[in-house]
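Written below as structure tokens is the structure these notes are about.
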Amino acid sequence: MKHLRIFLLCCQEVFESRGRVFIWLLINLFSPVILMLFWQGATFVSGTSMSISSLTSYFLFLTVGSIFLIAHCERQISVVDIKEGGLSRYLLKPYPYVLIIFLSELAYRMVQGVLGMIVFGALYLLYHSYFAFTLGTEQMMVASFIVAGAYLMSFIYKFIVGMSAFWVTEASGILQFSDMVLFLTAGFLGPFILYPDWYSAIVHMLPFAYMLYVPVISAQGVLDIGELFRVLSIQVMWIVCLIAIAAWMWKRGVRRYTGVGI
Amino acid sequence: MLSMHTIIASELTKSYQVYKKQPGFIGSVKSLFSREYESVNAVKGVSFIIDQGELVGFIGPNGAGKTTTLKMLSGLLYPTSGKIDVLGYTPFDRKHEFLRQISLVMGQKNQLWWDLPAYDSFLLNKEIYGVSPAHFREVVGNLVTLLDVKDVLNIQVRNLSLGQRMKMELIAALIHSPKVLFLDEPTIGLDVVMQKNLREFIRQYNQTYEATIILTSHYMADVLELCKRVIVINHGGIIYDGLLSELMRSHSSYKQLTFVLSKTIEPRTYASIEGVVSYEHPSLVLRIPSNEIQKTLTKCMKTLPIEDMTISDPPIEEIIRTMFQEATQ
């Protein structure tokens, strides 16, 4: 109940910034929609191994997925909390900093996600003739765990990126780089099936595909139940690794924290 | 064995590696390839003991190490060396049992949610500290009345005045009734009326809860009104730890005599009196060594048309300034 009440208070804070919610929603929408139109054109002209309906539904799921699943807490952690000293107000409270950031971010994702679902509905109405969705009940249950795992991975990844500010004075380059890595390897550009095999092989060895691409194709019903369980186990492995890295960085980083000035 | 003291700091040191950039464009280019770092000691071997219920003033010039020491005592910073024991805990471990018993209020930092009314931040602290609804209602009710902020409880924090915000900060910091309170410049930026109200409030809190309070302030009025004991820190080291009255006595080798005169006098009338600091009718102010008071008074009685007079210690700011100068020399 304690965590729920804190989460609801975090939601209240999100509701206060209506403009920010709306602007970020638009930003999250633009890129997938543009890329969907591009790939539809490319598919129509040259022909690929993927049907237009699969492609369209991929981008529809990607649009909502990126809104729901990709955390954006790194700037808060690096700039506001570590660089400007905001961390002080959390460090001296008997509540883990990571948890309060997690709940704040979750509140933001939920609000954004609800808006995203509305957009999804609108896009579905426009593109329903191209829409392919074949997810069974059993698959849906496992896929929902994959979605939760993906959010957790994305959150921990962004938490790690934010913590880089313990070591560097100006972390904005690192933040930009981390976004670029996600853009290139998490499936934002399009389904990996459209890319060369070597590229697909590399991105499947990295954690980023499991934050967005794999959950999106899981929700589409592309993977069978066996493959879904395999994905889930890979996610668990990555979550353990990311938690270990985050804990290691936190333990050392917080000792370097000065709370601004000496 | 359980500690009898609330705070024990022993040989506390904090040093930072600071990048030393050579001036100018060439210096910037060189810094791309190699950088020189130097160690800056913000706090050097500080030791003291504070007992339960004490209200101690921590004073010193800018950069003396006051805030750094407070940050180490509260657990925000990790000391380079030395030991700290607060309520039987090592602060930097930040154990939840420890954090539930302390609070740090920094006058220049905001711990409230900026976009929400302060009351929502109070609710957040209620959940975080596990305060029961009854205790929350009682504490917040009392503090809101005492600090007279009932009318602004539901206004967004960013729309509050500095004074109102500071009051809200204090309420947020006290919801869990901490046993140890670290106050870093709590009256900074406030007008004199508000400063006085806050001081009164801090004194009441100290007496009601028998809380241990460490206060840093640039306003000597805060220290004079609230603290029996002061710790004076300069260049990272303690130069005095003891009673404020003793500090005043030992460092005021002279007294200030202020006469109220019944009629205007010419400069030649007081030319023969030593130690005149100023004359602006009807006040004549003298600064006299303590052992010459008797002699000077006798002489003034004979030569001046005195209507009233007071003998006082010099202002504390002056005493502290002298101490810092002596310490630097």
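Chain labels run A, B, ... following the order of the structure tokens; each chain numbers its residues from 1, and ligands are numbered from 1 in the order shown.
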
Task: Secondary structure check, alpha helix (DSSP H) residues of range 51-299 of chain B, as a PyMOL selection string - done: chain B and resi 66-74+96-99+118-129+133-147+162-174+192-209+220-226+244-251+267-270+293-299

Limited to C-alpha atoms, could you put the picked residues into a file as a JSON list (two decimals), in the first residue's frame?
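The resulting file, part30.json, is shown below:
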[["chain", "number", "residue", "atom", "x", "y", "z"],
["B", 66, "LYS", "CA", 30.62, 23.98, 7.85],
["B", 67, "THR", "CA", 28.30, 22.59, 5.19],
["B", 68, "THR", "CA", 30.71, 19.79, 4.29],
["B", 69, "THR", "CA", 30.81, 18.75, 7.95],
["B", 70, "LEU", "CA", 27.01, 18.82, 8.15],
["B", 71, "LYS", "CA", 26.77, 16.75, 4.99],
["B", 72, "MET", "CA", 29.12, 14.16, 6.48],
["B", 73, "LEU", "CA", 27.25, 14.09, 9.79],
["B", 74, "SER", "CA", 23.95, 13.54, 8.04],
["B", 96, "HIS", "CA", 16.75, 3.34, 7.34],
["B", 97, "GLU", "CA", 16.54, 3.26, 11.16],
["B", 98, "PHE", "CA", 19.09, 6.08, 11.23],
["B", 99, "LEU", "CA", 17.45, 8.13, 8.47],
["B", 118, "ALA", "CA", 3.54, 21.52, -0.30],
["B", 119, "TYR", "CA", 0.85, 19.37, 1.32],
["B", 120, "ASP", "CA", 1.47, 16.67, -1.30],
["B", 121, "SER", "CA", 5.15, 16.62, -0.39],
["B", 122, "PHE", "CA", 4.11, 16.24, 3.25],
["B", 123, "LEU", "CA", 1.99, 13.25, 2.24],
["B", 124, "LEU", "CA", 4.95, 11.76, 0.38],
["B", 125, "ASN", "CA", 7.12, 12.12, 3.49],
["B", 126, "LYS", "CA", 4.34, 10.59, 5.58],
["B", 127, "GLU", "CA", 4.46, 7.46, 3.41],
["B", 128, "ILE", "CA", 8.24, 7.35, 3.18],
["B", 129, "TYR", "CA", 8.76, 7.71, 6.94],
["B", 133, "PRO", "CA", -2.28, 9.18, 9.99],
["B", 134, "ALA", "CA", -3.02, 10.37, 13.55],
["B", 135, "HIS", "CA", 0.56, 11.49, 14.20],
["B", 136, "PHE", "CA", 0.72, 13.12, 10.76],
["B", 137, "ARG", "CA", -2.46, 15.12, 11.41],
["B", 138, "GLU", "CA", -1.22, 16.18, 14.83],
["B", 139, "VAL", "CA", 2.29, 17.21, 13.75],
["B", 140, "VAL", "CA", 1.26, 18.95, 10.54],
["B", 141, "GLY", "CA", -1.66, 20.65, 12.31],
["B", 142, "ASN", "CA", 0.65, 21.99, 15.04],
["B", 143, "LEU", "CA", 3.39, 23.09, 12.67],
["B", 144, "VAL", "CA", 0.98, 24.73, 10.25],
["B", 145, "THR", "CA", -0.57, 26.74, 13.07],
["B", 146, "LEU", "CA", 2.78, 27.59, 14.62],
["B", 147, "LEU", "CA", 4.25, 28.77, 11.33],
["B", 162, "LEU", "CA", 10.87, 32.39, -0.13],
["B", 163, "GLY", "CA", 9.71, 32.70, 3.47],
["B", 164, "GLN", "CA", 6.66, 30.52, 2.93],
["B", 165, "ARG", "CA", 8.77, 27.94, 1.13],
["B", 166, "MET", "CA", 11.28, 27.83, 3.97],
["B", 167, "LYS", "CA", 8.48, 27.24, 6.45],
["B", 168, "MET", "CA", 7.15, 24.41, 4.27],
["B", 169, "GLU", "CA", 10.65, 22.93, 4.07],
["B", 170, "LEU", "CA", 10.81, 22.89, 7.85],
["B", 171, "ILE", "CA", 7.40, 21.21, 8.15],
["B", 172, "ALA", "CA", 8.42, 18.59, 5.57],
["B", 173, "ALA", "CA", 11.64, 17.96, 7.49],
["B", 174, "LEU", "CA", 9.87, 17.58, 10.83],
["B", 192, "VAL", "CA", 14.05, 40.04, 9.96],
["B", 193, "VAL", "CA", 10.50, 39.29, 11.16],
["B", 194, "MET", "CA", 10.53, 35.90, 9.47],
["B", 195, "GLN", "CA", 14.01, 35.18, 10.82],
["B", 196, "LYS", "CA", 12.79, 35.85, 14.33],
["B", 197, "ASN", "CA", 9.73, 33.64, 13.89],
["B", 198, "LEU", "CA", 11.87, 30.79, 12.62],
["B", 199, "ARG", "CA", 14.32, 31.14, 15.49],
["B", 200, "GLU", "CA", 11.46, 31.01, 17.97],
["B", 201, "PHE", "CA", 10.18, 27.92, 16.23],
["B", 202, "ILE", "CA", 13.57, 26.18, 16.30],
["B", 203, "ARG", "CA", 13.93, 26.92, 20.00],
["B", 204, "GLN", "CA", 10.48, 25.51, 20.72],
["B", 205, "TYR", "CA", 11.20, 22.37, 18.71],
["B", 206, "ASN", "CA", 14.47, 21.86, 20.57],
["B", 207, "GLN", "CA", 12.76, 22.18, 23.95],
["B", 208, "THR", "CA", 9.58, 20.24, 23.16],
["B", 209, "TYR", "CA", 11.26, 17.20, 21.60],
["B", 220, "MET", "CA", 25.02, 35.98, 14.16],
["B", 221, "ALA", "CA", 21.59, 36.88, 15.55],
["B", 222, "ASP", "CA", 20.58, 33.23, 14.93],
["B", 223, "VAL", "CA", 23.52, 31.98, 16.92],
["B", 224, "LEU", "CA", 23.18, 34.58, 19.71],
["B", 225, "GLU", "CA", 19.50, 33.87, 20.24],
["B", 226, "LEU", "CA", 19.59, 30.10, 19.98],
["B", 244, "LEU", "CA", 29.26, 31.29, 23.46],
["B", 245, "SER", "CA", 29.41, 33.40, 26.64],
["B", 246, "GLU", "CA", 32.94, 32.18, 27.30],
["B", 247, "LEU", "CA", 33.93, 33.01, 23.73],
["B", 248, "MET", "CA", 32.54, 36.51, 24.17],
["B", 249, "ARG", "CA", 34.30, 36.93, 27.50],
["B", 250, "SER", "CA", 37.68, 35.60, 26.46],
["B", 251, "HIS", "CA", 37.81, 37.42, 23.16],
["B", 267, "PRO", "CA", 34.88, 68.01, 19.58],
["B", 268, "ARG", "CA", 37.46, 69.60, 21.87],
["B", 269, "THR", "CA", 35.29, 68.59, 24.86],
["B", 270, "TYR", "CA", 35.92, 64.88, 24.19],
["B", 293, "ILE", "CA", 36.69, 51.13, 32.35],
["B", 294, "GLN", "CA", 36.85, 52.59, 35.87],
["B", 295, "LYS", "CA", 39.39, 55.27, 34.95],
["B", 296, "THR", "CA", 37.56, 56.30, 31.76],
["B", 297, "LEU", "CA", 34.17, 56.42, 33.47],
["B", 298, "THR", "CA", 35.47, 58.73, 36.17],
["B", 299, "LYS", "CA", 36.95, 61.06, 33.57]]

Open item on the list: Give me, as an MDAnalysis selection string, all polymer residues having an atom no more than 9 Å from range 179-195 of chain A, counting only C-alpha atoms and skipping those fewer than 6 positions away in the same chain.
Closed with: chainID A and resid 31:32 35:36 39 48:50 55 58:59 62 66 202:204 206:214 216:217

Open item on the list: Only residues of chain A matter here; which ones have an atom within 6 Å of chain B, counting only C-alpha atoms? Give them as number ranges by chain.
Closed with: A: 2, 89, 93-94, 255

Open item on the list: Using DSSP assignments from the backbone, pull out every residue in range 204-291 of chain B that falls under strand (DSSP E) and give it to me as a PyMOL selection string.
Closed with: chain B and resi 212-216+229-234+237-243+254-261+276-280+283-289

If you keep C-alpha atoms, can you produce a file of those selected residues as a PDB file, in the first residue's frame?
ATOM      1  CA  THR B 212      19.734  17.699  19.136  1.00  0.00           C
ATOM      2  CA  ILE B 213      20.208  20.537  16.683  1.00  0.00           C
ATOM      3  CA  ILE B 214      23.243  21.752  14.791  1.00  0.00           C
ATOM      4  CA  LEU B 215      22.772  25.083  13.132  1.00  0.00           C
ATOM      5  CA  THR B 216      24.999  26.881  10.666  1.00  0.00           C
ATOM      6  CA  ARG B 229      27.484  26.387  22.627  1.00  0.00           C
ATOM      7  CA  VAL B 230      29.305  27.241  19.427  1.00  0.00           C
ATOM      8  CA  ILE B 231      31.877  25.477  17.287  1.00  0.00           C
ATOM      9  CA  VAL B 232      33.914  27.924  15.253  1.00  0.00           C
ATOM     10  CA  ILE B 233      35.486  26.482  12.124  1.00  0.00           C
ATOM     11  CA  ASN B 234      37.984  28.102   9.783  1.00  0.00           C
ATOM     12  CA  GLY B 237      39.646  23.094  11.282  1.00  0.00           C
ATOM     13  CA  ILE B 238      37.999  23.900  14.597  1.00  0.00           C
ATOM     14  CA  ILE B 239      39.394  27.009  16.250  1.00  0.00           C
ATOM     15  CA  TYR B 240      36.925  27.174  19.141  1.00  0.00           C
ATOM     16  CA  ASP B 241      34.484  24.754  20.742  1.00  0.00           C
ATOM     17  CA  GLY B 242      32.722  25.896  23.880  1.00  0.00           C
ATOM     18  CA  LEU B 243      30.178  28.219  25.445  1.00  0.00           C
ATOM     19  CA  TYR B 254      37.493  45.686  25.535  1.00  0.00           C
ATOM     20  CA  LYS B 255      34.008  47.057  26.219  1.00  0.00           C
ATOM     21  CA  GLN B 256      31.764  49.400  24.375  1.00  0.00           C
ATOM     22  CA  LEU B 257      30.580  52.477  26.329  1.00  0.00           C
ATOM     23  CA  THR B 258      27.599  54.358  24.944  1.00  0.00           C
ATOM     24  CA  PHE B 259      26.682  57.694  26.526  1.00  0.00           C
ATOM     25  CA  VAL B 260      23.463  59.573  25.914  1.00  0.00           C
ATOM     26  CA  LEU B 261      24.309  63.265  26.345  1.00  0.00           C
ATOM     27  CA  VAL B 276      36.057  57.620  21.046  1.00  0.00           C
ATOM     28  CA  VAL B 277      34.595  55.681  18.122  1.00  0.00           C
ATOM     29  CA  SER B 278      31.792  58.027  17.090  1.00  0.00           C
ATOM     30  CA  TYR B 279      29.755  61.018  18.170  1.00  0.00           C
ATOM     31  CA  GLU B 280      26.380  61.775  16.736  1.00  0.00           C
ATOM     32  CA  SER B 283      25.170  59.329  21.356  1.00  0.00           C
ATOM     33  CA  LEU B 284      28.858  59.179  22.084  1.00  0.00           C
ATOM     34  CA  VAL B 285      30.394  55.725  21.614  1.00  0.00           C
ATOM     35  CA  LEU B 286      33.723  54.677  23.137  1.00  0.00           C
ATOM     36  CA  ARG B 287      35.741  51.460  22.801  1.00  0.00           C
ATOM     37  CA  ILE B 288      37.762  50.938  25.969  1.00  0.00           C
ATOM     38  CA  PRO B 289      40.039  48.126  27.198  1.00  0.00           C
TER      39      PRO B 289
END

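Coordinates place CA of Ile273 in chain B at a distance of 17.6 Å from CA of Asp308 in chain B.
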
Open item on the list: Report, in Å with one decimal, the straight-line distance from CA of Ser172 in chain A to CA of Arg20 in chain A.
Closed with: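 One can read the CA of Ser172 in chain A to CA of Arg20 in chain A distance as 19.8 Å.
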
Task: Option closest in space to Phe145 in chain A, from A:Ala219, A:Cys11, A:Val254, A:Met237 [counting only C-alpha atoms] - done: A:Ala219

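Atom to atom, CA of Gln139 in chain A and CA of Ile239 in chain A stand 21.4 Å apart.
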